[in-house]
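Below is one structure, written out as structure tokens; comments come after it.
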Amino acid sequence: MTQESDVEALIRQRIRSIRTARGWSLENLAGRCELSQSTLSRIETGHRRIALDQLVPIARAFGTTLDALVESEDDEDVVIRPQPGHSTGLTTWVLSTDDGLHGKTVAKMRITTERPPERGVHPGRDWFTVLSGIVRLELGERTILVHPGEVAEFSTMVPHAIRAHEGPVEILSIFNHDGGLAHLHAGAHPGE
């Protein structure tokens, strides 16, 4: 089997699986994407080559993107094996792939009381949830204690520092592009 036919087989399987998972008949899908039932049936069964001008309306009918419909089935995308990055009082594991989730970066961070107290500012918003320990979020003139299971989201245009309160903490963070640059790339903002 060639790589092209493997990809086509995967796309055919996805189309059929999404359609049946939604409880749609071929007639339902045909009405939503303005292709004939016969064409859709032949696409799903492999009796017709798949054309781009057919995939676009099918993806639209499913409420997804063409990219999502045709993305490869690659085991490397399934398991991420993060390597720890270290700085004083901070260990970071990046848990998302390079392209991130809709431009976001997911990271697990372990913060100790040795982390420097410097505050940073950068465009965007930060979000984190506390997995263990108590976080001392220094946000402008305020100090907010965030406990396990709680979540903080804030504008990063306010000077801020995420620190450990009385012992090590672990958090799960989601950063937008600017937050990822500031928090995860060496030398961007010390203490962040």
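Chain lettering (A, B, ...) mirrors the order of the structure tokens, residue numbering begins at 1 for each chain separately, and ligand numbering begins at 1 in order of display.
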Run DSSP on the backbone and give me the residues of segment 40-99 of chain A it puts in strand (DSSP E), as a short mmCIF file (atom, residue, chain, number, x, y, z; two decimals) with N, CA and C atoms, in the first residue's frame.
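And here is the file that came out, part_39.cif:
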```cif
data_model
loop_
_atom_site.label_atom_id
_atom_site.label_comp_id
_atom_site.auth_asym_id
_atom_site.auth_seq_id
_atom_site.Cartn_x
_atom_site.Cartn_y
_atom_site.Cartn_z
N GLY A 85 13.62 21.68 31.94
CA GLY A 85 14.50 22.83 31.80
C GLY A 85 14.68 23.43 33.19
N HIS A 86 15.90 23.82 33.53
CA HIS A 86 16.18 24.27 34.89
C HIS A 86 16.70 25.70 34.92
N SER A 87 16.25 26.45 35.91
CA SER A 87 16.85 27.73 36.28
C SER A 87 16.70 27.81 37.80
N LEU A 90 13.36 26.92 39.64
CA LEU A 90 12.31 26.62 38.66
C LEU A 90 12.73 25.46 37.77
N THR A 91 11.84 24.47 37.66
CA THR A 91 11.99 23.39 36.69
C THR A 91 10.74 23.42 35.82
N THR A 92 10.93 23.37 34.50
CA THR A 92 9.81 23.49 33.56
C THR A 92 9.82 22.31 32.59
N TRP A 93 8.65 21.74 32.38
CA TRP A 93 8.45 20.70 31.37
C TRP A 93 7.42 21.24 30.38
N VAL A 94 7.79 21.40 29.12
CA VAL A 94 6.85 21.84 28.09
C VAL A 94 6.06 20.62 27.65
#
```
List every residue of chain A that DSSP, applied to the backbone of this structure, places in alpha helix (DSSP H), and write the result as a ChimeraX atom specification.
/A:3-21,26-33,37-45,52-62,66-70,177-184
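Of the residues listed (A:Ile11, A:Leu131, A:Ala107, A:Leu172), A:Ile11 shows the shortest atom-to-atom separation from Glu44 of chain A; distances use only C-alpha atoms.
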Need the shell around Ala9 of chain A: protein/DNA/RNA residues with any atom at most 10 Å away, counting only C-alpha atoms. Skip same-chain ones fewer than 6 positions apart. Format as a ChimeraX atom specification?
/A:3,15,43-46,50
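Across A:Ile162, A:Val121, A:Ile111, A:Val169, the tightest approach to His147 of chain A is made by A:Val169 when counting only C-alpha atoms.
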Using only C-alpha atoms, which residues sit within 7 Å of Arg163 of chain A once same-chain residues fewer than 5 positions away are excluded, as a count of residues only?
6
Find the residues around segment 36-38 of chain A up to 12 Å (only C-alpha atoms counted), leave out those fewer than 3 positions away in its own chain, and share them as a PyMOL selection string.
chain A and resi 24-33+41-45+47-48+54+57-58
My list of candidates is A:Thr39, A:Gly167, A:Glu8, A:Thr156. Which is closest to Glu71 of chain A when distances are computed with only C-alpha atoms?
A:Glu8
What does the structure give for the distance between atom CA of Glu153 of chain A and atom CA of Phe175 of chain A, in Å to one decimal?
10.3 Å
Closest to Ala51 of chain A among A:His160, A:Arg110, A:Arg119, A:Arg12, using only C-alpha atoms?
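Ranked by minimum distance to Ala51 of chain A, first place goes to A:Arg12.
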Rounded to one decimal place, report the atom CA of Thr112 of chain A-atom CA of Gly133 of chain A distance in Å.
9.9 Å
Give me, as a PyMOL selection string, all polymer residues having an atom no more than 10 Å from Val56 of chain A, counting only C-alpha atoms and skipping those fewer than 6 positions away in the same chain.
chain A and resi 33+64-67+69
